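One file, coords14.txt, is given below (compact mmCIF, C-alpha atoms).
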# COMPACT_ATOMS: atom_id res chain seq x y z
CA MET A 1 92.89 -25.27 31.69
CA SER A 2 94.76 -28.11 33.47
CA LEU A 3 97.38 -27.67 36.19
CA PRO A 4 101.02 -28.37 35.41
CA PRO A 5 102.30 -31.82 36.42
CA GLU A 6 104.45 -30.36 39.21
CA ALA A 7 101.43 -28.69 40.93
CA THR A 8 99.32 -31.85 40.65
CA ALA A 9 102.04 -33.97 42.21
CA HIS A 10 102.49 -31.46 45.06
CA ARG A 11 98.71 -31.46 45.86
CA THR A 12 98.56 -35.29 45.85
CA ALA A 13 101.49 -35.47 48.25
CA ALA A 14 99.85 -32.95 50.63
CA ALA A 15 96.58 -34.93 50.63
CA ASP A 16 98.41 -38.18 51.34
CA SER A 17 100.15 -36.64 54.35
CA GLY A 18 96.89 -35.56 56.12
CA VAL A 19 96.58 -36.25 59.87
CA ILE A 20 93.44 -37.10 61.92
CA HIS A 21 93.50 -35.12 65.17
CA ASN A 22 91.80 -36.37 68.37
CA ILE A 23 89.99 -33.26 69.68
CA GLY A 24 88.54 -34.97 72.74
CA TYR A 25 84.97 -35.97 71.80
CA ARG A 26 83.78 -38.77 74.06
CA SER A 27 80.51 -40.61 74.45
CA TYR A 28 78.40 -39.71 77.50
CA GLN A 29 79.02 -42.14 80.36
CA GLY A 30 77.00 -40.42 83.12
CA PRO A 31 73.59 -41.34 84.56
CA ARG A 32 70.51 -41.29 82.33
CA LEU A 33 67.92 -39.31 84.30
CA GLY A 34 65.09 -40.51 82.10
CA ARG A 35 61.44 -39.71 81.59
CA SER A 36 60.37 -38.85 85.13
CA TYR A 37 63.17 -36.29 85.51
CA ALA A 38 62.32 -34.68 82.17
CA THR A 39 58.63 -34.49 83.15
CA ARG A 40 59.45 -32.92 86.52
CA SER A 41 61.75 -30.42 84.82
CA LEU A 42 59.00 -29.44 82.39
CA PHE A 43 56.58 -29.05 85.31
CA VAL A 44 58.97 -26.75 87.21
CA GLN A 45 59.79 -24.73 84.10
CA SER A 46 56.09 -24.30 83.28
CA LEU A 47 55.23 -23.28 86.84
CA ARG A 48 57.98 -20.67 86.80
CA ALA A 49 56.80 -19.43 83.39
CA ALA A 50 53.26 -18.95 84.76
CA TYR A 51 54.64 -16.26 87.08
CA GLY A 52 57.16 -14.88 84.59
CA LEU A 53 60.18 -16.28 86.45
CA GLY A 54 63.14 -16.81 84.17
CA ARG A 55 61.58 -14.53 81.58
CA SER A 56 61.68 -10.78 80.91
CA GLY A 57 60.56 -8.26 83.51
CA LYS A 58 57.49 -7.43 81.43
CA SER A 59 56.32 -11.03 81.75
CA LYS A 60 56.26 -10.75 85.56
CA VAL A 61 54.05 -7.67 85.72
CA LEU A 62 50.59 -9.16 85.21
CA PRO A 63 50.90 -12.31 87.38
CA MET A 64 52.48 -10.39 90.25
CA LEU A 65 49.91 -7.62 89.89
CA VAL A 66 47.02 -10.10 90.05
CA LEU A 67 48.61 -11.77 93.08
CA GLY A 68 48.85 -8.40 94.81
CA VAL A 69 45.30 -7.42 93.90
CA LEU A 70 43.97 -10.67 95.33
CA GLY A 71 45.97 -10.33 98.54
CA ALA A 72 45.34 -6.64 99.32
CA PRO A 73 41.58 -6.91 100.05
CA ALA A 74 42.29 -9.76 102.46
CA LEU A 75 44.41 -7.40 104.56
CA VAL A 76 41.62 -4.81 104.56
CA ILE A 77 38.99 -7.38 105.57
CA VAL A 78 41.10 -8.63 108.46
CA ALA A 79 41.79 -5.08 109.62
CA LEU A 80 38.08 -4.20 109.58
CA ALA A 81 37.18 -7.34 111.53
CA ILE A 82 39.77 -6.53 114.21
CA LEU A 83 38.84 -2.85 114.48
CA GLN A 84 35.14 -3.66 114.78
CA HIS A 85 35.82 -6.44 117.32
CA SER A 86 33.86 -8.83 115.13
CA LYS A 87 33.61 -12.53 115.95
CA GLN A 88 33.96 -13.55 112.32
CA LEU A 89 35.25 -12.19 109.04
CA PRO A 90 32.86 -10.03 106.97
CA LEU A 91 33.57 -12.29 103.98
CA ASP A 92 34.04 -16.04 104.46
CA TYR A 93 36.95 -17.88 102.84
CA PRO A 94 35.08 -19.59 99.94
CA GLN A 95 33.02 -16.43 99.36
CA TYR A 96 36.24 -14.44 99.09
CA LEU A 97 37.36 -16.57 96.15
CA SER A 98 33.93 -16.25 94.54
CA ALA A 99 33.87 -12.47 94.98
CA PHE A 100 37.28 -12.01 93.34
CA SER A 101 37.00 -14.82 90.79
CA LEU A 102 37.32 -12.34 87.89
CA PHE A 103 41.00 -11.77 88.77
CA VAL A 104 41.57 -15.52 88.86
CA VAL A 105 40.06 -15.76 85.38
CA ILE A 106 42.31 -12.92 84.16
CA PHE A 107 45.37 -14.76 85.46
CA LEU A 108 44.26 -17.97 83.76
CA ALA A 109 43.48 -16.25 80.46
CA ALA A 110 46.86 -14.51 80.43
CA GLN A 111 49.06 -17.41 81.52
CA ALA A 112 47.46 -20.54 80.03
CA PRO A 113 48.52 -19.48 76.50
CA VAL A 114 52.04 -18.93 77.84
CA LEU A 115 52.19 -22.60 78.77
CA MET A 116 50.54 -24.01 75.64
CA SER A 117 50.23 -21.59 72.71
CA ARG A 118 53.86 -20.44 72.81
CA ASP A 119 55.21 -23.95 72.17
CA LEU A 120 52.78 -24.36 69.28
CA ARG A 121 53.63 -20.97 67.80
CA HIS A 122 57.40 -21.57 67.88
CA GLN A 123 56.95 -25.21 66.82
CA THR A 124 58.99 -26.52 69.74
CA VAL A 125 56.50 -29.24 70.74
CA PRO A 126 58.10 -31.90 68.46
CA LEU A 127 61.44 -31.19 70.16
CA TYR A 128 59.97 -32.24 73.51
CA PHE A 129 58.76 -35.49 71.99
CA SER A 130 62.19 -36.23 70.52
CA ARG A 131 63.37 -36.84 74.10
CA PRO A 132 62.16 -39.63 76.44
CA ILE A 133 59.11 -37.51 77.38
CA THR A 134 55.82 -38.71 75.87
CA ARG A 135 52.74 -36.77 74.84
CA SER A 136 50.89 -37.78 77.99
CA ASP A 137 53.89 -36.65 80.07
CA TYR A 138 53.81 -33.27 78.33
CA VAL A 139 50.09 -32.75 78.99
CA ARG A 140 50.41 -33.97 82.59
CA ALA A 141 53.32 -31.62 83.33
CA LYS A 142 51.55 -28.61 81.82
CA PHE A 143 48.27 -29.39 83.57
CA GLY A 144 49.99 -29.92 86.92
CA ALA A 145 51.92 -26.67 86.56
CA MET A 146 48.78 -24.66 85.78
CA VAL A 147 46.89 -26.20 88.70
CA ALA A 148 49.81 -25.47 91.04
CA ALA A 149 50.04 -21.88 89.80
CA MET A 150 46.30 -21.35 90.31
CA MET A 151 46.40 -22.93 93.77
CA LEU A 152 49.26 -20.65 94.79
CA LEU A 153 47.37 -17.63 93.49
CA MET A 154 44.24 -18.44 95.51
CA THR A 155 45.94 -19.79 98.62
CA VAL A 156 47.88 -16.58 99.32
CA PRO A 157 44.79 -14.44 100.16
CA LEU A 158 43.28 -17.32 102.14
CA VAL A 159 46.43 -17.58 104.24
CA VAL A 160 46.38 -13.82 104.79
CA LEU A 161 42.77 -14.05 106.01
CA TYR A 162 43.51 -17.02 108.25
CA VAL A 163 46.72 -15.73 109.83
CA GLY A 164 45.23 -12.27 110.32
CA SER A 165 42.08 -13.64 111.95
CA ILE A 166 44.04 -15.87 114.34
CA LEU A 167 46.42 -13.07 115.30
CA GLY A 168 43.41 -10.77 115.73
CA GLY A 169 41.85 -13.10 118.30
CA LEU A 170 38.98 -14.43 116.18
CA PRO A 171 37.75 -17.97 117.05
CA PHE A 172 40.42 -20.51 116.15
CA GLY A 173 38.14 -23.49 115.47
CA HIS A 174 35.71 -21.63 113.25
CA ASN A 175 38.44 -20.02 111.16
CA THR A 176 40.44 -23.21 110.83
CA GLY A 177 37.41 -25.12 109.54
CA HIS A 178 36.38 -22.43 107.10
CA PHE A 179 39.97 -21.99 105.95
CA LEU A 180 39.93 -25.67 104.97
CA TYR A 181 36.62 -25.08 103.15
CA GLY A 182 38.37 -22.31 101.24
CA LEU A 183 41.23 -24.63 100.28
CA VAL A 184 38.74 -27.18 98.92
CA ALA A 185 37.07 -24.44 96.87
CA ALA A 186 40.48 -23.25 95.62
CA ALA A 187 41.39 -26.80 94.55
CA LEU A 188 38.12 -27.19 92.63
CA TYR A 189 38.54 -23.82 90.94
CA ALA A 190 42.17 -24.60 90.08
CA VAL A 191 41.47 -28.01 88.54
CA LEU A 192 38.35 -26.98 86.61
CA TYR A 193 39.68 -23.64 85.37
CA SER A 194 43.05 -25.15 84.39
CA ALA A 195 41.45 -27.97 82.41
CA LEU A 196 39.23 -25.61 80.45
CA GLY A 197 41.84 -22.87 80.02
CA LEU A 198 44.61 -25.18 78.82
CA LEU A 199 42.29 -26.94 76.39
CA ILE A 200 41.34 -23.62 74.80
CA ALA A 201 44.97 -22.42 74.76
CA ALA A 202 46.12 -25.69 73.16
CA SER A 203 43.70 -25.21 70.27
CA THR A 204 45.47 -22.16 68.84
CA PRO A 205 49.10 -21.05 68.45
CA ARG A 206 48.05 -17.40 68.72
CA ARG A 207 48.20 -16.12 72.27
CA GLY A 208 45.74 -13.28 71.67
CA PHE A 209 43.07 -15.68 70.42
CA GLY A 210 43.64 -17.90 73.43
CA VAL A 211 43.28 -15.02 75.89
CA ALA A 212 40.07 -13.79 74.25
CA ALA A 213 38.55 -17.27 74.03
CA ILE A 214 39.24 -18.13 77.69
CA MET A 215 37.86 -14.82 78.92
CA GLY A 216 34.84 -15.20 76.64
CA VAL A 217 33.97 -18.72 77.77
CA LEU A 218 34.32 -18.10 81.51
CA VAL A 219 33.00 -14.53 81.75
CA VAL A 220 30.13 -14.88 79.27
CA SER A 221 28.99 -18.16 80.81
CA SER A 222 28.93 -16.50 84.24
CA ILE A 223 26.82 -13.63 82.88
CA ILE A 224 24.40 -16.06 81.24
CA ALA A 225 24.07 -18.02 84.50
CA GLY A 226 23.27 -14.79 86.34
CA ILE A 227 20.62 -13.80 83.80
CA VAL A 228 18.95 -17.22 83.95
CA PHE A 229 19.03 -17.11 87.76
CA ASN A 230 17.29 -13.73 87.84
CA LEU A 231 14.68 -14.88 85.32
CA SER A 232 13.97 -17.97 87.45
CA VAL A 233 13.28 -16.04 90.64
CA GLY A 234 9.67 -16.44 91.77
CA SER A 235 7.08 -13.73 92.23
CA GLY A 236 7.80 -11.23 94.98
CA GLY A 237 11.54 -11.79 94.66
CA GLN A 238 11.39 -15.21 96.33
CA VAL A 239 14.34 -17.38 95.32
CA LEU A 240 13.21 -20.89 94.46
CA ASP A 241 15.44 -23.95 94.52
CA SER A 242 14.77 -24.37 90.81
CA ALA A 243 16.60 -21.08 90.19
CA GLN A 244 19.78 -22.60 91.62
CA TRP A 245 20.04 -24.97 88.67
CA SER A 246 21.25 -22.02 86.61
CA ALA A 247 24.65 -22.53 88.26
CA VAL A 248 25.35 -25.47 85.94
CA LEU A 249 25.75 -22.97 83.07
CA SER A 250 29.00 -21.51 84.40
CA PRO A 251 32.17 -23.12 85.83
CA SER A 252 32.52 -20.42 88.50
CA THR A 253 28.96 -20.68 89.83
CA LEU A 254 29.17 -24.46 89.54
CA VAL A 255 32.05 -24.65 92.04
CA ASP A 256 30.56 -21.93 94.23
CA GLY A 257 27.21 -23.71 94.45
CA LEU A 258 28.75 -27.10 95.22
CA VAL A 259 31.02 -25.80 97.99
CA ASN A 260 28.26 -23.75 99.62
CA GLN A 261 25.90 -26.71 99.71
CA ILE A 262 28.41 -29.29 100.93
CA PHE A 263 29.73 -27.14 103.77
CA GLY A 264 26.42 -25.53 104.72
CA LEU A 265 27.44 -22.00 103.78
CA ALA A 266 24.18 -21.08 102.02
CA GLU A 267 22.42 -19.45 104.99
CA ASN A 268 20.92 -16.81 102.70
CA PRO A 269 18.56 -18.26 100.04
CA ASN A 270 20.03 -15.80 97.53
CA THR A 271 23.43 -17.46 97.92
CA THR A 272 24.32 -19.79 95.07
CA HIS A 273 24.07 -23.42 96.18
CA ALA A 274 23.32 -26.84 94.76
CA PRO A 275 19.61 -27.62 95.21
CA GLY A 276 19.62 -30.55 97.63
CA ALA A 277 21.35 -33.93 97.44
CA LEU A 278 20.48 -34.34 93.76
CA GLY A 279 22.06 -30.96 93.04
CA VAL A 280 25.27 -32.00 94.82
CA VAL A 281 25.49 -35.15 92.69
CA VAL A 282 24.78 -33.29 89.45
CA PHE A 283 27.19 -30.43 90.21
CA ALA A 284 29.99 -32.81 91.22
CA ALA A 285 29.38 -35.00 88.17
CA GLU A 286 29.48 -32.00 85.82
CA ILE A 287 32.78 -30.82 87.29
CA ALA A 288 34.24 -34.32 86.87
CA VAL A 289 33.00 -34.58 83.27
CA LEU A 290 34.39 -31.16 82.34
CA VAL A 291 37.81 -31.90 83.85
CA VAL A 292 38.16 -35.44 82.49
CA GLY A 293 36.74 -34.49 79.10
CA SER A 294 39.04 -31.47 78.73
CA TYR A 295 42.09 -33.51 79.74
CA TRP A 296 41.18 -36.27 77.27
CA LEU A 297 40.72 -33.73 74.48
CA MET A 298 44.13 -32.24 75.26
CA LEU A 299 45.71 -35.70 74.98
CA SER A 300 43.94 -36.22 71.67
CA ARG A 301 45.17 -32.84 70.45
CA TYR A 302 48.82 -33.64 71.14
CA ARG A 303 48.65 -37.16 69.74
CA LYS A 304 48.16 -35.50 66.34
CA ILE A 305 51.34 -33.42 66.62
In structure tokens, write the structure found in this file.
Amino acid sequence: MSLPPEATAHRTAAADSGVIHNIGYRSYQGPRLGRSYATRSLFVQSLRAAYGLGRSGKSKVLPMLVLGVLGAPALVIVALAILQHSKQLPLDYPQYLSAFSLFVVIFLAAQAPVLMSRDLRHQTVPLYFSRPITRSDYVRAKFGAMVAAMMLLMTVPLVVLYVGSILGGLPFGHNTGHFLYGLVAAALYAVLYSALGLLIAASTPRRGFGVAAIMGVLVVSSIIAGIVFNLSVGSGGQVLDSAQWSAVLSPSTLVDGLVNQIFGLAENPNTTHAPGALGVVVFAAEIAVLVVGSYWLMLSRYRKI
């Protein structure tokens, strides 16, 4: 059914009298902050996310709990050393990190998927690459954020030990040197653990799978290294240097053995250490290969997205 001629003429006249309104849209004339600023912003956002900052209260519980659990024994150790008028701490700085490495692994397993798997699950990774940021920038920012988060986690108890020992009157020179040894150990743990943890987390969009896989790789490898070490002990319980090669089977014992050997902390033969100069070279080379290889695999993973 067609409209009457009067209605058609009225509609045509209304269309011809339309007006274009200027509602104020303008092109952006400000500074272009560029790639480096976007990469730094992603680094800061990822570091905050590792501790649940800017997220729900539930997200802050585990990282803050692990931070508290790692710091509390340091207070107890310092108090015992002062009360007993000891000349040195019952547990040295690198050995402290080794003794409580399980909590560091728990933090890594819980937070590495937050940095990597969540973007894959919500399919937001292509949005990052639609901006000036590149795939290598993305991996570098995430890796740097995880290393920084791990360093912060491990540095806090070391600072508590150091400040407490100095205030308690323990030898300044000895504690300062061993505090630096602890920082070197923390840096090695942070870089190696972050490389392995992020690689595993980047392989799956499911956070639960990432958590289980990271815990499985690091914890199971440590158990296997311990079993091989015990099987390699000589007759009569004598620890041979050949038994120390079992440390190459686990990232945690690998760092522990290298640090103990380099800084001469293996006074007890039962203490994990790299067997001689050759062991130092092999342990250091394995750490470098694991870190560089994991980083390269992460780059390859994101080049396909």
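The two atoms in question, atom CA of A:Asn230 and atom CA of A:Thr271, are spaced 12.4 Å apart.
Nearest residue to A:Thr204, choosing from A:Gly144, A:Pro94, A:Pro113, A:Gly34 and counting all atoms listed in the file: A:Pro113.
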Point to revise | For A:Asn270: contacts at 10 Å, only C-alpha atoms, fewer than 2 positions along chain excluded, given as a list of chain:residue names | key: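 After dropping sequence-adjacent residues, the list is A:Phe229, A:Val233, A:Gly237, A:Gln238, A:Val239, A:Leu240, A:Asp241, A:Ala243, A:Gln244, A:Ala266, A:Glu267, A:Asn268, A:Thr272, A:His273.
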Practice item. Within 12 Å of A:Ser46, counting all atoms listed in the file, which residues show up once you throw out same-chain ones fewer than 4 positions away? Write them as number ranges by chain, please. Key: A: 39-42, 50-55, 111-116, 118-119, 138-149
Review point. Do you know which residues are at most 12 Å from A:Leu218 counting only C-alpha atoms, after dropping those on the same chain fewer than 2 positions away, and could you put them as a count of residues only?
Key: 33
If I wrap all listed atoms of stretch 154-161 of chain A in a box with edges along x, y and z and add 8 Å on each side, what are its centre and edge lengths in Å to one decimal, as lines of an AutoDock Vina configuration file?
center_x = 45.3
center_y = -16.8
center_z = 100.8
size_x = 21.1
size_y = 22.0
size_z = 26.5
Point to revise | Atomic separation - atom CA of A:Ser232 relative to atom CA of A:Ser246, Å | key: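 Taking atom CA of A:Ser246 as the start and atom CA of A:Ser232 as the end point, the length is 8.4 Å.
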Exercise for review: One decimal, Å: what's the distance from atom CA of A:Gly293 over to atom CA of A:Leu183, could you say?
Suggested key: 23.8 Å
Review point. Taking into account only C-alpha atoms, which residue in the set A:Ala277, A:Val163, A:Ala190, A:Ile23 is nearest to A:Ala74?
Key: A:Val163
